[in-house]
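This is coords_12.cif (mmCIF, N, CA and C atoms).
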data_protein
loop_
_atom_site.label_atom_id
_atom_site.label_comp_id
_atom_site.auth_asym_id
_atom_site.auth_seq_id
_atom_site.Cartn_x
_atom_site.Cartn_y
_atom_site.Cartn_z
N MET Y 4 20.00 71.51 -31.15
CA MET Y 4 19.94 72.59 -32.12
C MET Y 4 20.69 72.16 -33.37
N ASP Y 5 20.14 72.47 -34.52
CA ASP Y 5 20.88 72.14 -35.73
C ASP Y 5 22.03 73.12 -35.87
N ASP Y 6 23.13 72.66 -36.45
CA ASP Y 6 24.40 73.39 -36.42
C ASP Y 6 24.33 74.78 -37.06
N LEU Y 7 23.83 74.87 -38.29
CA LEU Y 7 23.77 76.17 -38.96
C LEU Y 7 22.85 77.11 -38.19
N ALA Y 8 21.68 76.65 -37.84
CA ALA Y 8 20.73 77.50 -37.10
C ALA Y 8 21.34 77.96 -35.78
N ALA Y 9 22.07 77.08 -35.11
CA ALA Y 9 22.70 77.44 -33.83
C ALA Y 9 23.78 78.49 -34.02
N ARG Y 10 24.58 78.36 -35.07
CA ARG Y 10 25.64 79.34 -35.33
C ARG Y 10 25.05 80.69 -35.72
N VAL Y 11 24.01 80.68 -36.53
CA VAL Y 11 23.33 81.93 -36.91
C VAL Y 11 22.72 82.57 -35.66
N ALA Y 12 22.06 81.77 -34.84
CA ALA Y 12 21.44 82.29 -33.62
C ALA Y 12 22.48 82.91 -32.69
N ALA Y 13 23.62 82.26 -32.56
CA ALA Y 13 24.68 82.79 -31.69
C ALA Y 13 25.16 84.15 -32.20
N ALA Y 14 25.32 84.27 -33.51
CA ALA Y 14 25.76 85.54 -34.09
C ALA Y 14 24.70 86.62 -33.90
N MET Y 15 23.45 86.28 -34.10
CA MET Y 15 22.37 87.25 -33.90
C MET Y 15 22.25 87.65 -32.43
N TRP Y 16 22.32 86.64 -31.55
CA TRP Y 16 22.16 86.89 -30.11
C TRP Y 16 23.24 87.85 -29.60
N ALA Y 17 24.44 87.73 -30.14
CA ALA Y 17 25.56 88.58 -29.71
C ALA Y 17 25.27 90.06 -29.97
N GLU Y 18 24.39 90.37 -30.91
CA GLU Y 18 24.06 91.75 -31.26
C GLU Y 18 22.67 92.16 -30.77
N ASP Y 19 21.92 91.25 -30.20
CA ASP Y 19 20.51 91.51 -29.84
C ASP Y 19 20.40 92.02 -28.40
N THR Y 20 20.73 93.27 -28.20
CA THR Y 20 20.67 93.84 -26.85
C THR Y 20 19.23 94.02 -26.39
N ALA Y 21 18.29 94.17 -27.31
CA ALA Y 21 16.89 94.33 -26.93
C ALA Y 21 16.36 93.07 -26.23
N SER Y 22 16.50 91.92 -26.88
CA SER Y 22 16.00 90.66 -26.30
C SER Y 22 16.73 90.32 -25.00
N ALA Y 23 18.05 90.47 -25.02
CA ALA Y 23 18.84 90.17 -23.81
C ALA Y 23 18.46 91.12 -22.67
N GLY Y 24 18.26 92.39 -23.00
CA GLY Y 24 17.92 93.38 -21.98
C GLY Y 24 16.57 93.12 -21.33
N LEU Y 25 15.69 92.45 -22.04
CA LEU Y 25 14.39 92.09 -21.48
C LEU Y 25 14.44 90.76 -20.73
N GLY Y 26 15.62 90.17 -20.66
CA GLY Y 26 15.77 88.92 -19.92
C GLY Y 26 15.36 87.68 -20.69
N MET Y 27 15.24 87.80 -22.00
CA MET Y 27 14.87 86.63 -22.81
C MET Y 27 16.04 85.65 -22.83
N ARG Y 28 15.67 84.37 -23.00
CA ARG Y 28 16.65 83.31 -23.13
C ARG Y 28 16.31 82.49 -24.37
N LEU Y 29 17.31 82.25 -25.20
CA LEU Y 29 17.13 81.42 -26.38
C LEU Y 29 17.27 79.97 -25.94
N VAL Y 30 16.21 79.21 -26.03
CA VAL Y 30 16.18 77.84 -25.54
C VAL Y 30 16.51 76.83 -26.63
N ALA Y 31 15.99 77.05 -27.83
CA ALA Y 31 16.20 76.11 -28.92
C ALA Y 31 16.03 76.84 -30.25
N VAL Y 32 16.74 76.33 -31.25
CA VAL Y 32 16.60 76.86 -32.60
C VAL Y 32 16.87 75.72 -33.57
N GLY Y 33 16.16 75.72 -34.65
CA GLY Y 33 16.36 74.74 -35.71
C GLY Y 33 15.94 75.37 -37.02
N GLU Y 34 16.00 74.63 -38.09
CA GLU Y 34 15.62 75.18 -39.38
C GLU Y 34 14.14 75.58 -39.36
N GLY Y 35 13.90 76.88 -39.41
CA GLY Y 35 12.53 77.40 -39.43
C GLY Y 35 11.83 77.39 -38.09
N THR Y 36 12.56 77.14 -37.01
CA THR Y 36 11.93 77.08 -35.68
C THR Y 36 12.80 77.79 -34.64
N ALA Y 37 12.17 78.21 -33.57
CA ALA Y 37 12.90 78.78 -32.43
C ALA Y 37 12.01 78.77 -31.21
N ARG Y 38 12.65 78.70 -30.04
CA ARG Y 38 11.93 78.78 -28.76
C ARG Y 38 12.69 79.75 -27.87
N LEU Y 39 11.98 80.75 -27.35
CA LEU Y 39 12.54 81.71 -26.40
C LEU Y 39 11.68 81.75 -25.17
N GLU Y 40 12.30 82.10 -24.05
CA GLU Y 40 11.59 82.26 -22.77
C GLU Y 40 11.84 83.65 -22.22
N MET Y 41 10.89 84.12 -21.43
CA MET Y 41 11.05 85.39 -20.73
C MET Y 41 10.16 85.37 -19.49
N THR Y 42 10.72 85.80 -18.37
CA THR Y 42 9.93 85.94 -17.15
C THR Y 42 9.40 87.36 -17.07
N VAL Y 43 8.12 87.50 -16.80
CA VAL Y 43 7.50 88.82 -16.69
C VAL Y 43 8.01 89.48 -15.41
N ARG Y 44 8.73 90.59 -15.60
CA ARG Y 44 9.30 91.32 -14.47
C ARG Y 44 8.34 92.40 -13.98
N GLU Y 45 8.66 92.93 -12.82
CA GLU Y 45 7.87 94.01 -12.22
C GLU Y 45 7.72 95.20 -13.17
N ASP Y 46 8.78 95.53 -13.90
CA ASP Y 46 8.74 96.69 -14.80
C ASP Y 46 8.07 96.37 -16.14
N MET Y 47 7.44 95.19 -16.27
CA MET Y 47 6.76 94.82 -17.51
C MET Y 47 5.24 94.80 -17.36
N VAL Y 48 4.74 95.14 -16.17
CA VAL Y 48 3.28 95.11 -15.97
C VAL Y 48 2.70 96.51 -16.17
N ASN Y 49 1.45 96.53 -16.59
CA ASN Y 49 0.76 97.79 -16.84
C ASN Y 49 -0.11 98.17 -15.64
N GLY Y 50 -0.94 99.16 -15.81
CA GLY Y 50 -1.80 99.66 -14.74
C GLY Y 50 -2.85 98.68 -14.28
N HIS Y 51 -3.06 97.60 -15.00
CA HIS Y 51 -4.01 96.56 -14.58
C HIS Y 51 -3.31 95.44 -13.82
N GLY Y 52 -1.99 95.56 -13.67
CA GLY Y 52 -1.24 94.53 -12.97
C GLY Y 52 -0.97 93.30 -13.81
N ILE Y 53 -1.12 93.43 -15.13
CA ILE Y 53 -0.83 92.31 -16.04
C ILE Y 53 0.29 92.73 -16.99
N ALA Y 54 0.89 91.74 -17.62
CA ALA Y 54 1.98 92.03 -18.55
C ALA Y 54 1.49 92.95 -19.66
N HIS Y 55 2.25 93.99 -19.92
CA HIS Y 55 1.95 94.89 -21.02
C HIS Y 55 2.04 94.10 -22.31
N GLY Y 56 1.06 94.24 -23.17
CA GLY Y 56 1.02 93.48 -24.42
C GLY Y 56 2.23 93.66 -25.30
N GLY Y 57 2.86 94.83 -25.21
CA GLY Y 57 4.05 95.08 -26.02
C GLY Y 57 5.20 94.15 -25.68
N PHE Y 58 5.29 93.75 -24.42
CA PHE Y 58 6.36 92.82 -24.03
C PHE Y 58 6.06 91.41 -24.52
N VAL Y 59 4.80 91.01 -24.49
CA VAL Y 59 4.40 89.70 -25.02
C VAL Y 59 4.66 89.68 -26.52
N PHE Y 60 4.30 90.76 -27.21
CA PHE Y 60 4.55 90.88 -28.64
C PHE Y 60 6.05 90.79 -28.94
N THR Y 61 6.85 91.49 -28.15
CA THR Y 61 8.30 91.49 -28.38
C THR Y 61 8.91 90.11 -28.21
N LEU Y 62 8.45 89.36 -27.22
CA LEU Y 62 8.93 87.98 -27.05
C LEU Y 62 8.60 87.16 -28.30
N ALA Y 63 7.36 87.24 -28.77
CA ALA Y 63 6.96 86.49 -29.96
C ALA Y 63 7.76 86.96 -31.19
N ASP Y 64 7.96 88.25 -31.30
CA ASP Y 64 8.68 88.81 -32.44
C ASP Y 64 10.14 88.35 -32.44
N SER Y 65 10.74 88.25 -31.26
CA SER Y 65 12.13 87.77 -31.18
C SER Y 65 12.21 86.30 -31.60
N ALA Y 66 11.27 85.48 -31.17
CA ALA Y 66 11.25 84.07 -31.59
C ALA Y 66 11.08 83.98 -33.11
N PHE Y 67 10.21 84.81 -33.65
CA PHE Y 67 9.99 84.90 -35.09
C PHE Y 67 11.32 85.21 -35.80
N ALA Y 68 12.05 86.19 -35.29
CA ALA Y 68 13.31 86.60 -35.92
C ALA Y 68 14.32 85.45 -35.96
N PHE Y 69 14.46 84.73 -34.86
CA PHE Y 69 15.42 83.62 -34.84
C PHE Y 69 14.98 82.49 -35.76
N ALA Y 70 13.69 82.23 -35.84
CA ALA Y 70 13.20 81.17 -36.73
C ALA Y 70 13.39 81.54 -38.19
N CYS Y 71 13.05 82.77 -38.57
CA CYS Y 71 13.09 83.09 -40.00
C CYS Y 71 14.50 83.40 -40.51
N ASN Y 72 15.46 83.60 -39.62
CA ASN Y 72 16.85 83.80 -40.03
C ASN Y 72 17.68 82.53 -39.90
N SER Y 73 17.07 81.43 -39.50
CA SER Y 73 17.80 80.21 -39.16
C SER Y 73 18.56 79.58 -40.33
N ARG Y 74 18.23 79.96 -41.54
CA ARG Y 74 18.91 79.39 -42.71
C ARG Y 74 20.05 80.31 -43.20
N ASN Y 75 20.42 81.29 -42.38
CA ASN Y 75 21.53 82.19 -42.68
C ASN Y 75 21.24 83.11 -43.85
N ARG Y 76 20.02 83.52 -44.02
CA ARG Y 76 19.65 84.53 -45.00
C ARG Y 76 19.04 85.69 -44.22
N VAL Y 77 19.55 86.91 -44.46
CA VAL Y 77 19.02 88.07 -43.75
C VAL Y 77 17.54 88.20 -44.07
N THR Y 78 16.72 88.10 -43.02
CA THR Y 78 15.27 88.10 -43.18
C THR Y 78 14.67 89.01 -42.12
N VAL Y 79 13.70 89.82 -42.54
CA VAL Y 79 13.06 90.78 -41.64
C VAL Y 79 11.55 90.58 -41.65
N ALA Y 80 10.91 91.19 -40.66
CA ALA Y 80 9.45 91.15 -40.60
C ALA Y 80 8.88 92.07 -41.67
N GLN Y 81 7.89 91.57 -42.35
CA GLN Y 81 7.15 92.34 -43.35
C GLN Y 81 5.84 92.81 -42.74
N ALA Y 82 5.25 91.98 -41.89
CA ALA Y 82 4.01 92.32 -41.19
C ALA Y 82 3.82 91.29 -40.08
N CYS Y 83 3.17 91.71 -39.00
CA CYS Y 83 2.91 90.82 -37.86
C CYS Y 83 1.58 91.22 -37.24
N ASP Y 84 0.94 90.24 -36.65
CA ASP Y 84 -0.23 90.55 -35.83
C ASP Y 84 -0.29 89.56 -34.67
N ILE Y 85 -1.03 89.94 -33.65
CA ILE Y 85 -1.10 89.13 -32.44
C ILE Y 85 -2.52 89.13 -31.91
N VAL Y 86 -2.91 88.01 -31.35
CA VAL Y 86 -4.17 87.89 -30.63
C VAL Y 86 -3.82 87.53 -29.20
N PHE Y 87 -4.23 88.37 -28.25
CA PHE Y 87 -4.00 88.10 -26.84
C PHE Y 87 -5.14 87.23 -26.34
N VAL Y 88 -4.78 86.06 -25.81
CA VAL Y 88 -5.77 85.06 -25.42
C VAL Y 88 -6.04 85.10 -23.91
N ALA Y 89 -5.00 85.29 -23.12
CA ALA Y 89 -5.12 85.32 -21.66
C ALA Y 89 -4.05 86.26 -21.11
N PRO Y 90 -4.30 86.85 -19.96
CA PRO Y 90 -3.28 87.77 -19.39
C PRO Y 90 -2.12 87.00 -18.76
N ALA Y 91 -0.96 87.62 -18.84
CA ALA Y 91 0.21 87.11 -18.12
C ALA Y 91 0.45 88.06 -16.94
N ARG Y 92 1.03 87.54 -15.88
CA ARG Y 92 1.23 88.34 -14.67
C ARG Y 92 2.70 88.33 -14.27
N ARG Y 93 3.07 89.27 -13.39
CA ARG Y 93 4.47 89.34 -12.94
C ARG Y 93 4.87 87.99 -12.36
N GLY Y 94 6.07 87.60 -12.70
CA GLY Y 94 6.60 86.31 -12.25
C GLY Y 94 6.32 85.15 -13.20
N ASP Y 95 5.40 85.33 -14.15
CA ASP Y 95 5.09 84.25 -15.09
C ASP Y 95 6.26 84.00 -16.03
N LEU Y 96 6.56 82.73 -16.27
CA LEU Y 96 7.53 82.34 -17.29
C LEU Y 96 6.77 82.13 -18.59
N LEU Y 97 7.05 82.98 -19.57
CA LEU Y 97 6.41 82.87 -20.88
C LEU Y 97 7.36 82.19 -21.85
N VAL Y 98 6.80 81.32 -22.69
CA VAL Y 98 7.58 80.60 -23.69
C VAL Y 98 6.96 80.90 -25.05
N ALA Y 99 7.81 81.32 -26.00
CA ALA Y 99 7.36 81.58 -27.37
C ALA Y 99 7.94 80.51 -28.28
N ASP Y 100 7.07 79.74 -28.91
CA ASP Y 100 7.47 78.70 -29.86
C ASP Y 100 7.13 79.16 -31.27
N ALA Y 101 8.16 79.32 -32.10
CA ALA Y 101 7.97 79.78 -33.48
C ALA Y 101 8.19 78.63 -34.44
N ARG Y 102 7.37 78.60 -35.49
CA ARG Y 102 7.58 77.59 -36.52
C ARG Y 102 7.13 78.14 -37.87
N GLU Y 103 7.89 77.78 -38.85
CA GLU Y 103 7.56 78.19 -40.21
C GLU Y 103 6.35 77.41 -40.69
N ARG Y 104 5.39 78.11 -41.25
CA ARG Y 104 4.22 77.45 -41.84
C ARG Y 104 4.45 77.18 -43.31
N THR Y 105 5.00 78.19 -44.01
CA THR Y 105 5.28 78.04 -45.44
C THR Y 105 6.28 79.10 -45.87
N ALA Y 106 7.02 78.77 -46.91
CA ALA Y 106 7.95 79.73 -47.52
C ALA Y 106 7.71 79.71 -49.02
N PHE Y 107 7.73 80.89 -49.62
CA PHE Y 107 7.50 80.98 -51.06
C PHE Y 107 8.29 82.18 -51.58
N GLY Y 108 9.17 81.90 -52.53
CA GLY Y 108 10.06 82.96 -53.02
C GLY Y 108 10.89 83.49 -51.86
N ARG Y 109 10.88 84.79 -51.68
CA ARG Y 109 11.62 85.42 -50.58
C ARG Y 109 10.71 85.70 -49.38
N ASN Y 110 9.53 85.11 -49.36
CA ASN Y 110 8.54 85.35 -48.31
C ASN Y 110 8.33 84.12 -47.45
N GLY Y 111 7.89 84.35 -46.23
CA GLY Y 111 7.56 83.24 -45.34
C GLY Y 111 6.43 83.62 -44.40
N ILE Y 112 5.76 82.63 -43.89
CA ILE Y 112 4.70 82.82 -42.90
C ILE Y 112 5.06 81.95 -41.70
N TYR Y 113 5.05 82.57 -40.52
CA TYR Y 113 5.44 81.91 -39.28
C TYR Y 113 4.35 82.09 -38.24
N ASP Y 114 4.09 81.02 -37.50
CA ASP Y 114 3.17 81.09 -36.36
C ASP Y 114 3.97 80.95 -35.08
N ILE Y 115 3.67 81.81 -34.13
CA ILE Y 115 4.35 81.80 -32.84
C ILE Y 115 3.28 81.73 -31.76
N THR Y 116 3.37 80.72 -30.92
CA THR Y 116 2.45 80.57 -29.80
C THR Y 116 3.20 80.90 -28.52
N VAL Y 117 2.63 81.81 -27.73
CA VAL Y 117 3.20 82.19 -26.44
C VAL Y 117 2.38 81.50 -25.36
N THR Y 118 3.05 80.75 -24.50
CA THR Y 118 2.35 80.00 -23.45
C THR Y 118 2.94 80.30 -22.07
N ARG Y 119 2.14 79.97 -21.08
CA ARG Y 119 2.56 79.91 -19.67
C ARG Y 119 2.16 78.51 -19.23
N GLY Y 120 3.14 77.64 -19.10
CA GLY Y 120 2.81 76.24 -18.84
C GLY Y 120 2.02 75.71 -20.02
N ASP Y 121 0.86 75.13 -19.75
CA ASP Y 121 0.00 74.59 -20.82
C ASP Y 121 -1.00 75.61 -21.34
N GLU Y 122 -1.02 76.80 -20.77
CA GLU Y 122 -2.03 77.81 -21.14
C GLU Y 122 -1.50 78.74 -22.23
N VAL Y 123 -2.30 78.90 -23.27
CA VAL Y 123 -1.94 79.82 -24.34
C VAL Y 123 -2.21 81.25 -23.89
N ILE Y 124 -1.19 82.10 -24.03
CA ILE Y 124 -1.29 83.52 -23.68
C ILE Y 124 -1.58 84.35 -24.92
N ALA Y 125 -0.93 84.00 -26.03
CA ALA Y 125 -1.11 84.76 -27.27
C ALA Y 125 -0.75 83.92 -28.48
N GLU Y 126 -1.34 84.28 -29.60
CA GLU Y 126 -1.01 83.70 -30.91
C GLU Y 126 -0.56 84.84 -31.81
N PHE Y 127 0.62 84.68 -32.40
CA PHE Y 127 1.25 85.71 -33.22
C PHE Y 127 1.49 85.12 -34.60
N ARG Y 128 1.22 85.89 -35.62
CA ARG Y 128 1.56 85.46 -36.98
C ARG Y 128 2.48 86.51 -37.59
N GLY Y 129 3.60 86.04 -38.12
CA GLY Y 129 4.55 86.94 -38.75
C GLY Y 129 4.74 86.57 -40.21
N ARG Y 130 4.84 87.59 -41.02
CA ARG Y 130 5.15 87.42 -42.43
C ARG Y 130 6.54 88.01 -42.66
N SER Y 131 7.41 87.22 -43.24
CA SER Y 131 8.81 87.62 -43.39
C SER Y 131 9.15 87.92 -44.84
N ARG Y 132 10.24 88.68 -44.99
CA ARG Y 132 10.78 89.00 -46.31
C ARG Y 132 12.28 88.84 -46.25
N GLN Y 133 12.81 88.02 -47.15
CA GLN Y 133 14.25 87.78 -47.21
C GLN Y 133 14.91 88.91 -48.00
N LEU Y 134 15.97 89.46 -47.43
CA LEU Y 134 16.75 90.50 -48.09
C LEU Y 134 18.00 89.86 -48.67
N SER Y 135 18.86 90.65 -49.25
CA SER Y 135 20.12 90.09 -49.74
C SER Y 135 21.09 89.95 -48.56
N GLY Y 136 22.01 89.04 -48.67
CA GLY Y 136 23.04 88.88 -47.66
C GLY Y 136 22.78 87.74 -46.69
N THR Y 137 23.81 87.51 -45.87
CA THR Y 137 23.76 86.44 -44.89
C THR Y 137 24.16 86.99 -43.53
N ILE Y 138 23.83 86.29 -42.48
CA ILE Y 138 24.23 86.66 -41.13
C ILE Y 138 25.69 86.26 -40.92
N LEU Y 139 26.00 85.02 -41.25
CA LEU Y 139 27.37 84.52 -41.19
C LEU Y 139 28.01 84.71 -42.55
N SER Y 140 29.32 84.91 -42.58
CA SER Y 140 30.01 85.04 -43.86
C SER Y 140 29.85 83.73 -44.63
N GLU Y 141 29.97 83.83 -45.92
CA GLU Y 141 29.84 82.62 -46.76
C GLU Y 141 30.85 81.57 -46.37
N GLU Y 142 32.07 81.98 -45.98
CA GLU Y 142 33.10 81.03 -45.58
C GLU Y 142 32.66 80.28 -44.31
N ALA Y 143 32.09 81.04 -43.37
CA ALA Y 143 31.63 80.43 -42.11
C ALA Y 143 30.48 79.47 -42.38
N ASP Y 144 29.66 79.79 -43.37
CA ASP Y 144 28.51 78.96 -43.72
C ASP Y 144 28.95 77.60 -44.25
N GLU Y 145 30.12 77.53 -44.87
CA GLU Y 145 30.59 76.28 -45.46
C GLU Y 145 31.32 75.38 -44.49
N SER Y 146 31.68 75.90 -43.31
CA SER Y 146 32.44 75.06 -42.35
C SER Y 146 31.56 74.10 -41.62
#

Serialized structure, structure tokens:
Amino acid sequence: MDDLAARVAAAMWAEDTASAGLGMRLVAVGEGTARLEMTVREDMVNGHGIAHGGFVFTLADSAFAFACNSRNRVTVAQACDIVFVAPARRGDLLVADARERTAFGRNGIYDITVTRGDEVIAEFRGRSRQLSGTILSEEADES
């Protein structure tokens, strides 16, 4: 993990009760990138016995958040969409890989692929908007 991205991720993770509560694990983070994992639990399946799409979306959205904040600039989602490619089932380990496609001004476009092993489960695209401020204090950013 690159140092700044890792420090920003640690600070964000300490406050991210939603991702932690869903059992997500931050596996890797770098400038404009992030990888998170989550195992589909019993309480995450819908009436069809497959992972509820909202949980798959949330995993991708969390990876998006860590990737777009990796440069220590407060950045939020401006818009997101997802295409569900294959169903996930209870017990599946899902991996969300986020990467920046482009950044322009205070905006960015990120693609997040959610997989189970080699199989693509979903493709998510997030558009970000940078706000004022930083996650880490300016002093911490310089160390």

Find the spatial neighbours of Ala70 in chain Y, counting only C-alpha atoms, within a cut-off of 12 Å - ignore same-chain residues fewer than 4 positions away - and output them as a CSV table (one decimal) with N, CA and C atoms, in the frame of the given file.
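The resulting file, part_25.csv, is reproduced below:
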chain,number,residue,atom,x,y,z
Y,4,MET,N,20.0,71.5,-31.2
Y,4,MET,CA,19.9,72.6,-32.1
Y,4,MET,C,20.7,72.2,-33.4
Y,5,ASP,N,20.1,72.5,-34.5
Y,5,ASP,CA,20.9,72.1,-35.7
Y,5,ASP,C,22.0,73.1,-35.9
Y,7,LEU,N,23.8,74.9,-38.3
Y,7,LEU,CA,23.8,76.2,-39.0
Y,7,LEU,C,22.8,77.1,-38.2
Y,8,ALA,N,21.7,76.6,-37.8
Y,8,ALA,CA,20.7,77.5,-37.1
Y,8,ALA,C,21.3,78.0,-35.8
Y,9,ALA,N,22.1,77.1,-35.1
Y,9,ALA,CA,22.7,77.4,-33.8
Y,9,ALA,C,23.8,78.5,-34.0
Y,11,VAL,N,24.0,80.7,-36.5
Y,11,VAL,CA,23.3,81.9,-36.9
Y,11,VAL,C,22.7,82.6,-35.7
Y,12,ALA,N,22.1,81.8,-34.8
Y,12,ALA,CA,21.4,82.3,-33.6
Y,12,ALA,C,22.5,82.9,-32.7
Y,15,MET,N,23.4,86.3,-34.1
Y,15,MET,CA,22.4,87.2,-33.9
Y,15,MET,C,22.2,87.6,-32.4
Y,29,LEU,N,17.3,82.2,-25.2
Y,29,LEU,CA,17.1,81.4,-26.4
Y,29,LEU,C,17.3,80.0,-25.9
Y,31,ALA,N,16.0,77.0,-27.8
Y,31,ALA,CA,16.2,76.1,-28.9
Y,31,ALA,C,16.0,76.8,-30.2
Y,32,VAL,N,16.7,76.3,-31.2
Y,32,VAL,CA,16.6,76.9,-32.6
Y,32,VAL,C,16.9,75.7,-33.6
Y,33,GLY,N,16.2,75.7,-34.6
Y,33,GLY,CA,16.4,74.7,-35.7
Y,33,GLY,C,15.9,75.4,-37.0
Y,34,GLU,N,16.0,74.6,-38.1
Y,34,GLU,CA,15.6,75.2,-39.4
Y,34,GLU,C,14.1,75.6,-39.4
Y,35,GLY,N,13.9,76.9,-39.4
Y,35,GLY,CA,12.5,77.4,-39.4
Y,35,GLY,C,11.8,77.4,-38.1
Y,36,THR,N,12.6,77.1,-37.0
Y,36,THR,CA,11.9,77.1,-35.7
Y,36,THR,C,12.8,77.8,-34.6
Y,37,ALA,N,12.2,78.2,-33.6
Y,37,ALA,CA,12.9,78.8,-32.4
Y,37,ALA,C,12.0,78.8,-31.2
Y,38,ARG,N,12.6,78.7,-30.0
Y,38,ARG,CA,11.9,78.8,-28.8
Y,38,ARG,C,12.7,79.8,-27.9
Y,39,LEU,N,12.0,80.8,-27.4
Y,39,LEU,CA,12.5,81.7,-26.4
Y,39,LEU,C,11.7,81.8,-25.2
Y,63,ALA,N,7.4,87.2,-28.8
Y,63,ALA,CA,7.0,86.5,-30.0
Y,63,ALA,C,7.8,87.0,-31.2
Y,64,ASP,N,8.0,88.2,-31.3
Y,64,ASP,CA,8.7,88.8,-32.4
Y,64,ASP,C,10.1,88.4,-32.4
Y,65,SER,N,10.7,88.2,-31.3
Y,65,SER,CA,12.1,87.8,-31.2
Y,65,SER,C,12.2,86.3,-31.6
Y,66,ALA,N,11.3,85.5,-31.2
Y,66,ALA,CA,11.2,84.1,-31.6
Y,66,ALA,C,11.1,84.0,-33.1
Y,74,ARG,N,18.2,80.0,-41.5
Y,74,ARG,CA,18.9,79.4,-42.7
Y,74,ARG,C,20.0,80.3,-43.2
Y,75,ASN,N,20.4,81.3,-42.4
Y,75,ASN,CA,21.5,82.2,-42.7
Y,75,ASN,C,21.2,83.1,-43.8
Y,76,ARG,N,20.0,83.5,-44.0
Y,76,ARG,CA,19.6,84.5,-45.0
Y,76,ARG,C,19.0,85.7,-44.2
Y,77,VAL,N,19.6,86.9,-44.5
Y,77,VAL,CA,19.0,88.1,-43.8
Y,77,VAL,C,17.5,88.2,-44.1
Y,78,THR,N,16.7,88.1,-43.0
Y,78,THR,CA,15.3,88.1,-43.2
Y,78,THR,C,14.7,89.0,-42.1
Y,79,VAL,N,13.7,89.8,-42.5
Y,79,VAL,CA,13.1,90.8,-41.6
Y,79,VAL,C,11.6,90.6,-41.6
Y,80,ALA,N,10.9,91.2,-40.7
Y,80,ALA,CA,9.4,91.2,-40.6
Y,80,ALA,C,8.9,92.1,-41.7
Y,99,ALA,N,7.8,81.3,-26.0
Y,99,ALA,CA,7.4,81.6,-27.4
Y,99,ALA,C,7.9,80.5,-28.3
Y,100,ASP,N,7.1,79.7,-28.9
Y,100,ASP,CA,7.5,78.7,-29.9
Y,100,ASP,C,7.1,79.2,-31.3
Y,101,ALA,N,8.2,79.3,-32.1
Y,101,ALA,CA,8.0,79.8,-33.5
Y,101,ALA,C,8.2,78.6,-34.4
Y,102,ARG,N,7.4,78.6,-35.5
Y,102,ARG,CA,7.6,77.6,-36.5
Y,102,ARG,C,7.1,78.1,-37.9
Y,103,GLU,N,7.9,77.8,-38.8
Y,103,GLU,CA,7.6,78.2,-40.2
Y,103,GLU,C,6.4,77.4,-40.7
Y,104,ARG,N,5.4,78.1,-41.2
Y,104,ARG,CA,4.2,77.4,-41.8
Y,104,ARG,C,4.4,77.2,-43.3
Y,111,GLY,N,7.9,84.4,-46.2
Y,111,GLY,CA,7.6,83.2,-45.3
Y,111,GLY,C,6.4,83.6,-44.4
Y,112,ILE,N,5.8,82.6,-43.9
Y,112,ILE,CA,4.7,82.8,-42.9
Y,112,ILE,C,5.1,82.0,-41.7
Y,113,TYR,N,5.0,82.6,-40.5
Y,113,TYR,CA,5.4,81.9,-39.3
Y,113,TYR,C,4.4,82.1,-38.2
Y,114,ASP,N,4.1,81.0,-37.5
Y,114,ASP,CA,3.2,81.1,-36.4
Y,114,ASP,C,4.0,81.0,-35.1
Y,115,ILE,N,3.7,81.8,-34.1
Y,115,ILE,CA,4.4,81.8,-32.8
Y,115,ILE,C,3.3,81.7,-31.8
Y,129,GLY,N,3.6,86.0,-38.1
Y,129,GLY,CA,4.6,86.9,-38.8
Y,129,GLY,C,4.7,86.6,-40.2
Y,130,ARG,N,4.8,87.6,-41.0
Y,130,ARG,CA,5.2,87.4,-42.4
Y,130,ARG,C,6.5,88.0,-42.7
Y,131,SER,N,7.4,87.2,-43.2
Y,131,SER,CA,8.8,87.6,-43.4
Y,131,SER,C,9.2,87.9,-44.8

(request) Please write the residues picked by the PyMOL selection byres ((chain Y and resi 49-57) around 6.5) on this file as a PyMOL selection string. (result) chain Y and resi 47-48+58-62+90-93

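Between atom C of Ala68 in chain Y and CA of Glu45 in chain Y the separation is 26.0 Å.
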
(request) Quick one: pull the distance between CA of Ala21 in chain Y and CA of Leu96 in chain Y, Å, one decimal. (result)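 Pair CA of Ala21 in chain Y / CA of Leu96 in chain Y returns 18.0 Å.
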
(request) Find, counting only C-alpha atoms, the residue in Y:Asp95, Y:Asp6, Y:Ser135, Y:Val117 that gets nearest to Phe67 in chain Y. (result)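 Nearest candidate to Phe67 in chain Y out of Y:Asp95, Y:Asp6, Y:Ser135, Y:Val117: Y:Val117.
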
(request) Enter the distance from CA of Asp84 in chain Y to atom C of Met27 in chain Y, in Å, rounded to one decimal. (result) 21.4 Å

(request) Write down as an MDAnalysis selection string the residues of chain Y whose backbone DSSP state falls under strand (DSSP E). (result) chainID Y and resid 28:33 36:42 78:87 96:107 110:119 122:133

(request) Using the chain letters and residue numbers of this document, give as a PyMOL selection string the residues selected by the PyMOL selection byres ((chain Y and resi 125) around 7). (result) chain Y and resi 85-89+115-118+122-124+126-127

(message) Between Y:Leu134, Y:Ala23, Y:Leu139, Y:Cys83, which residue has the minimum interatomic distance to Arg109 in chain Y, considering all atoms listed in the file?
(response)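 Between Y:Leu134, Y:Ala23, Y:Leu139, Y:Cys83, the residue approaching Arg109 in chain Y most closely is Y:Leu134.
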
(request) Pick out the closest residue to Leu97 in chain Y from this set: Y:Glu40, Y:Gln133, Y:Ala13, Y:Asp121. Count only N, CA and C atoms. (result)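 Going through Y:Glu40, Y:Gln133, Y:Ala13, Y:Asp121 one by one, the smallest distance to Leu97 in chain Y is for Y:Glu40.
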